[in-house]
>>> print(open('protein39.csv').read())   # CSV, C-alpha atoms
chain,number,residue,atom,x,y,z
D,88,MET,CA,0.0,0.0,0.0
D,89,HIS,CA,1.2,3.5,-0.9
D,90,GLU,CA,1.2,6.6,1.2
D,91,PRO,CA,-0.7,9.6,-0.3
D,92,GLY,CA,2.5,11.3,-1.5
D,93,GLU,CA,3.7,8.1,-3.1
D,94,VAL,CA,0.4,7.8,-5.0
D,95,ARG,CA,0.8,11.2,-6.5
D,96,GLU,CA,4.4,10.4,-7.4
D,97,VAL,CA,3.5,7.1,-9.0
D,98,VAL,CA,0.6,8.7,-11.0
D,99,VAL,CA,2.8,11.6,-12.3
D,100,ALA,CA,5.7,9.3,-13.1
D,101,GLU,CA,3.5,6.8,-15.0
D,102,LEU,CA,1.8,9.6,-16.9
D,103,GLY,CA,5.2,11.1,-17.8
D,104,ARG,CA,6.8,7.8,-18.7
D,105,VAL,CA,5.1,7.7,-22.0
D,106,ARG,CA,2.8,10.0,-23.9
D,107,TRP,CA,-0.5,8.3,-23.7
D,108,GLY,CA,-2.7,8.6,-26.8
D,109,ALA,CA,-6.4,9.5,-26.4
D,110,GLU,CA,-7.5,5.9,-27.1
D,111,GLU,CA,-5.1,4.5,-24.5
D,112,VAL,CA,-6.3,6.9,-21.8
D,113,LEU,CA,-10.0,6.2,-22.6
D,114,ARG,CA,-9.6,2.4,-22.7
D,115,ASP,CA,-7.0,1.8,-19.9
D,116,GLU,CA,-9.0,0.0,-17.2
D,117,TYR,CA,-6.3,0.7,-14.5
D,118,LEU,CA,-6.3,4.4,-15.2
D,119,GLN,CA,-10.1,4.6,-15.1
D,120,LEU,CA,-10.2,2.6,-11.9
D,121,ALA,CA,-7.5,4.7,-10.3
D,122,LEU,CA,-9.4,7.9,-11.3
D,123,TRP,CA,-12.7,6.5,-10.1
D,124,THR,CA,-11.2,5.5,-6.7
D,125,LEU,CA,-9.7,8.9,-6.2
D,126,GLN,CA,-12.9,10.6,-7.1
D,127,GLU,CA,-14.9,8.4,-4.7
D,128,LEU,CA,-12.5,9.4,-1.9
D,129,SER,CA,-13.1,13.1,-2.7
D,130,PHE,CA,-16.8,13.2,-3.5
D,131,ARG,CA,-18.3,10.3,-1.5
D,132,ASP,CA,-17.3,7.9,1.3
D,133,PHE,CA,-15.3,5.1,-0.2
D,134,GLY,CA,-15.3,1.9,1.8
D,135,GLY,CA,-15.3,3.6,5.1
D,136,ALA,CA,-11.9,5.3,4.3
D,137,GLY,CA,-13.0,8.3,6.5
D,138,ASP,CA,-12.7,12.0,6.2
D,139,VAL,CA,-8.9,12.0,6.6
D,140,TRP,CA,-8.4,11.0,3.0
D,141,GLU,CA,-11.2,13.1,1.5
D,142,TRP,CA,-9.2,16.2,0.9
D,143,ASP,CA,-5.6,14.9,1.3
D,144,LEU,CA,-3.7,17.3,-0.9
D,145,GLU,CA,-1.5,14.6,-2.4
D,146,LEU,CA,-4.4,12.4,-3.4
D,147,VAL,CA,-6.2,15.4,-4.8
D,148,ALA,CA,-3.1,16.2,-6.9
D,149,ALA,CA,-3.1,12.6,-8.2
D,150,ARG,CA,-6.8,12.9,-9.0
D,151,GLN,CA,-6.2,16.2,-10.8
D,152,ALA,CA,-3.4,14.7,-12.9
D,153,LEU,CA,-5.6,11.8,-14.0
D,154,GLU,CA,-8.6,14.1,-14.7
D,155,GLY,CA,-6.3,16.3,-16.8
D,156,GLU,CA,-5.3,13.3,-18.9
D,157,LEU,CA,-8.9,12.2,-19.3
D,158,GLU,CA,-10.0,15.7,-20.3
D,159,ARG,CA,-7.1,16.0,-22.9
D,160,ALA,CA,-8.1,12.6,-24.3
D,161,LEU,CA,-11.7,13.6,-24.6
D,162,ARG,CA,-10.8,16.9,-26.3
D,163,GLU,CA,-8.6,15.0,-28.7
D,164,VAL,CA,-11.3,12.6,-29.9
D,165,ALA,CA,-14.1,15.3,-30.0
>>> encode(input="protein39.csv", output="structure tokens")
Amino acid sequence: MHEPGEVREVVVAELGRVRWGAEEVLRDEYLQLALWTLQELSFRDFGGAGDVWEWDLELVAARQALEGELERALREVA
């Protein structure tokens, strides 16, 4: 299990490792699952995780990085 700061670092490193094309972003199940999980932590209660994780700045930064990639991909295919 990763600490919140490590999650952000892993997400940013993976997104920077290769330039993901729009199709890859939109179809990658792990990216979508990671984004969904981070959104659930921020916008709902996820598995009893508690409020401590809801607005953790490192997790919010990871979520924003994934949301940015998704938005870029959607704009590219539109």
>>> residues_around(input="protein39.csv", residues="segment 131-145 of chain D", least_positions_apart="5", cutoff="10 Å", atoms="all atoms listed in the file", output="mmCIF file with C-alpha atoms, in the coordinates of the input")
data_model
loop_
_atom_site.group_PDB
_atom_site.id
_atom_site.type_symbol
_atom_site.label_atom_id
_atom_site.label_comp_id
_atom_site.auth_asym_id
_atom_site.auth_seq_id
_atom_site.Cartn_x
_atom_site.Cartn_y
_atom_site.Cartn_z
ATOM 1 C CA GLU D 90 1.200 6.600 1.200
ATOM 2 C CA PRO D 91 -0.700 9.600 -0.300
ATOM 3 C CA GLY D 92 2.500 11.300 -1.500
ATOM 4 C CA GLU D 93 3.700 8.100 -3.100
ATOM 5 C CA VAL D 94 0.400 7.800 -5.000
ATOM 6 C CA ARG D 95 0.800 11.200 -6.500
ATOM 7 C CA GLU D 96 4.400 10.400 -7.400
ATOM 8 C CA THR D 124 -11.200 5.500 -6.700
ATOM 9 C CA LEU D 125 -9.700 8.900 -6.200
ATOM 10 C CA GLN D 126 -12.900 10.600 -7.100
ATOM 11 C CA ARG D 150 -6.800 12.900 -9.000
ATOM 12 C CA GLN D 151 -6.200 16.200 -10.800
#
>>> atom_distance(input="protein39.csv", atom1="atom CA of Phe130 of chain D", atom2="atom CA of Ala149 of chain D")
14.5 Å
>>> atom_distance(input="protein39.csv", atom1="atom CA of Val112 of chain D", atom2="atom CA of Glu127 of chain D")
19.2 Å
>>> atom_distance(input="protein39.csv", atom1="atom CA of Glu154 of chain D", atom2="atom CA of Leu122 of chain D")
7.1 Å
>>> closest_residue(input="protein39.csv", among="D:Leu153, D:Ala148, D:Val105, D:Val99", to="Tyr117 of chain D", atoms="all atoms listed in the file")
D:Leu153
>>> decode(input="protein39.csv", residues="chain D", atoms="C-alpha atoms", output="PDB file, in the first residue's frame")
ATOM      1  CA  MET D  88       0.000   0.000   0.000  1.00  0.00           C
ATOM      2  CA  HIS D  89       1.245   3.451  -0.860  1.00  0.00           C
ATOM      3  CA  GLU D  90       1.197   6.584   1.240  1.00  0.00           C
ATOM      4  CA  PRO D  91      -0.706   9.554  -0.301  1.00  0.00           C
ATOM      5  CA  GLY D  92       2.461  11.321  -1.470  1.00  0.00           C
ATOM      6  CA  GLU D  93       3.663   8.135  -3.104  1.00  0.00           C
ATOM      7  CA  VAL D  94       0.356   7.769  -4.963  1.00  0.00           C
ATOM      8  CA  ARG D  95       0.801  11.217  -6.514  1.00  0.00           C
ATOM      9  CA  GLU D  96       4.420  10.421  -7.417  1.00  0.00           C
ATOM     10  CA  VAL D  97       3.454   7.098  -9.012  1.00  0.00           C
ATOM     11  CA  VAL D  98       0.624   8.685 -11.026  1.00  0.00           C
ATOM     12  CA  VAL D  99       2.771  11.575 -12.265  1.00  0.00           C
ATOM     13  CA  ALA D 100       5.693   9.256 -13.086  1.00  0.00           C
ATOM     14  CA  GLU D 101       3.463   6.841 -15.003  1.00  0.00           C
ATOM     15  CA  LEU D 102       1.760   9.625 -16.949  1.00  0.00           C
ATOM     16  CA  GLY D 103       5.159  11.137 -17.773  1.00  0.00           C
ATOM     17  CA  ARG D 104       6.791   7.833 -18.692  1.00  0.00           C
ATOM     18  CA  VAL D 105       5.052   7.662 -22.048  1.00  0.00           C
ATOM     19  CA  ARG D 106       2.836  10.041 -23.922  1.00  0.00           C
ATOM     20  CA  TRP D 107      -0.532   8.324 -23.711  1.00  0.00           C
ATOM     21  CA  GLY D 108      -2.703   8.623 -26.782  1.00  0.00           C
ATOM     22  CA  ALA D 109      -6.371   9.455 -26.398  1.00  0.00           C
ATOM     23  CA  GLU D 110      -7.471   5.888 -27.131  1.00  0.00           C
ATOM     24  CA  GLU D 111      -5.100   4.488 -24.516  1.00  0.00           C
ATOM     25  CA  VAL D 112      -6.342   6.891 -21.849  1.00  0.00           C
ATOM     26  CA  LEU D 113      -9.982   6.207 -22.621  1.00  0.00           C
ATOM     27  CA  ARG D 114      -9.577   2.414 -22.703  1.00  0.00           C
ATOM     28  CA  ASP D 115      -7.048   1.777 -19.949  1.00  0.00           C
ATOM     29  CA  GLU D 116      -8.973   0.031 -17.185  1.00  0.00           C
ATOM     30  CA  TYR D 117      -6.336   0.701 -14.520  1.00  0.00           C
ATOM     31  CA  LEU D 118      -6.257   4.418 -15.248  1.00  0.00           C
ATOM     32  CA  GLN D 119     -10.055   4.577 -15.124  1.00  0.00           C
ATOM     33  CA  LEU D 120     -10.182   2.551 -11.904  1.00  0.00           C
ATOM     34  CA  ALA D 121      -7.542   4.741 -10.260  1.00  0.00           C
ATOM     35  CA  LEU D 122      -9.420   7.887 -11.277  1.00  0.00           C
ATOM     36  CA  TRP D 123     -12.747   6.502 -10.074  1.00  0.00           C
ATOM     37  CA  THR D 124     -11.230   5.478  -6.738  1.00  0.00           C
ATOM     38  CA  LEU D 125      -9.679   8.898  -6.170  1.00  0.00           C
ATOM     39  CA  GLN D 126     -12.918  10.636  -7.140  1.00  0.00           C
ATOM     40  CA  GLU D 127     -14.888   8.449  -4.744  1.00  0.00           C
ATOM     41  CA  LEU D 128     -12.504   9.407  -1.941  1.00  0.00           C
ATOM     42  CA  SER D 129     -13.074  13.104  -2.652  1.00  0.00           C
ATOM     43  CA  PHE D 130     -16.760  13.194  -3.487  1.00  0.00           C
ATOM     44  CA  ARG D 131     -18.256  10.316  -1.488  1.00  0.00           C
ATOM     45  CA  ASP D 132     -17.329   7.945   1.254  1.00  0.00           C
ATOM     46  CA  PHE D 133     -15.335   5.072  -0.184  1.00  0.00           C
ATOM     47  CA  GLY D 134     -15.285   1.850   1.793  1.00  0.00           C
ATOM     48  CA  GLY D 135     -15.256   3.618   5.137  1.00  0.00           C
ATOM     49  CA  ALA D 136     -11.948   5.330   4.346  1.00  0.00           C
ATOM     50  CA  GLY D 137     -12.985   8.282   6.462  1.00  0.00           C
ATOM     51  CA  ASP D 138     -12.681  12.018   6.161  1.00  0.00           C
ATOM     52  CA  VAL D 139      -8.923  12.019   6.619  1.00  0.00           C
ATOM     53  CA  TRP D 140      -8.443  10.964   2.976  1.00  0.00           C
ATOM     54  CA  GLU D 141     -11.246  13.057   1.485  1.00  0.00           C
ATOM     55  CA  TRP D 142      -9.191  16.171   0.851  1.00  0.00           C
ATOM     56  CA  ASP D 143      -5.650  14.916   1.284  1.00  0.00           C
ATOM     57  CA  LEU D 144      -3.684  17.290  -0.942  1.00  0.00           C
ATOM     58  CA  GLU D 145      -1.453  14.558  -2.373  1.00  0.00           C
ATOM     59  CA  LEU D 146      -4.434  12.417  -3.361  1.00  0.00           C
ATOM     60  CA  VAL D 147      -6.238  15.450  -4.794  1.00  0.00           C
ATOM     61  CA  ALA D 148      -3.118  16.212  -6.874  1.00  0.00           C
ATOM     62  CA  ALA D 149      -3.069  12.630  -8.167  1.00  0.00           C
ATOM     63  CA  ARG D 150      -6.774  12.870  -9.025  1.00  0.00           C
ATOM     64  CA  GLN D 151      -6.215  16.158 -10.848  1.00  0.00           C
ATOM     65  CA  ALA D 152      -3.389  14.666 -12.903  1.00  0.00           C
ATOM     66  CA  LEU D 153      -5.612  11.784 -14.017  1.00  0.00           C
ATOM     67  CA  GLU D 154      -8.558  14.105 -14.675  1.00  0.00           C
ATOM     68  CA  GLY D 155      -6.287  16.291 -16.802  1.00  0.00           C
ATOM     69  CA  GLU D 156      -5.278  13.319 -18.927  1.00  0.00           C
ATOM     70  CA  LEU D 157      -8.884  12.231 -19.328  1.00  0.00           C
ATOM     71  CA  GLU D 158      -9.951  15.740 -20.331  1.00  0.00           C
ATOM     72  CA  ARG D 159      -7.099  15.964 -22.860  1.00  0.00           C
ATOM     73  CA  ALA D 160      -8.090  12.615 -24.346  1.00  0.00           C
ATOM     74  CA  LEU D 161     -11.745  13.596 -24.622  1.00  0.00           C
ATOM     75  CA  ARG D 162     -10.836  16.866 -26.347  1.00  0.00           C
ATOM     76  CA  GLU D 163      -8.576  14.984 -28.747  1.00  0.00           C
ATOM     77  CA  VAL D 164     -11.303  12.615 -29.909  1.00  0.00           C
ATOM     78  CA  ALA D 165     -14.061  15.266 -30.006  1.00  0.00           C
TER      79      ALA D 165
END
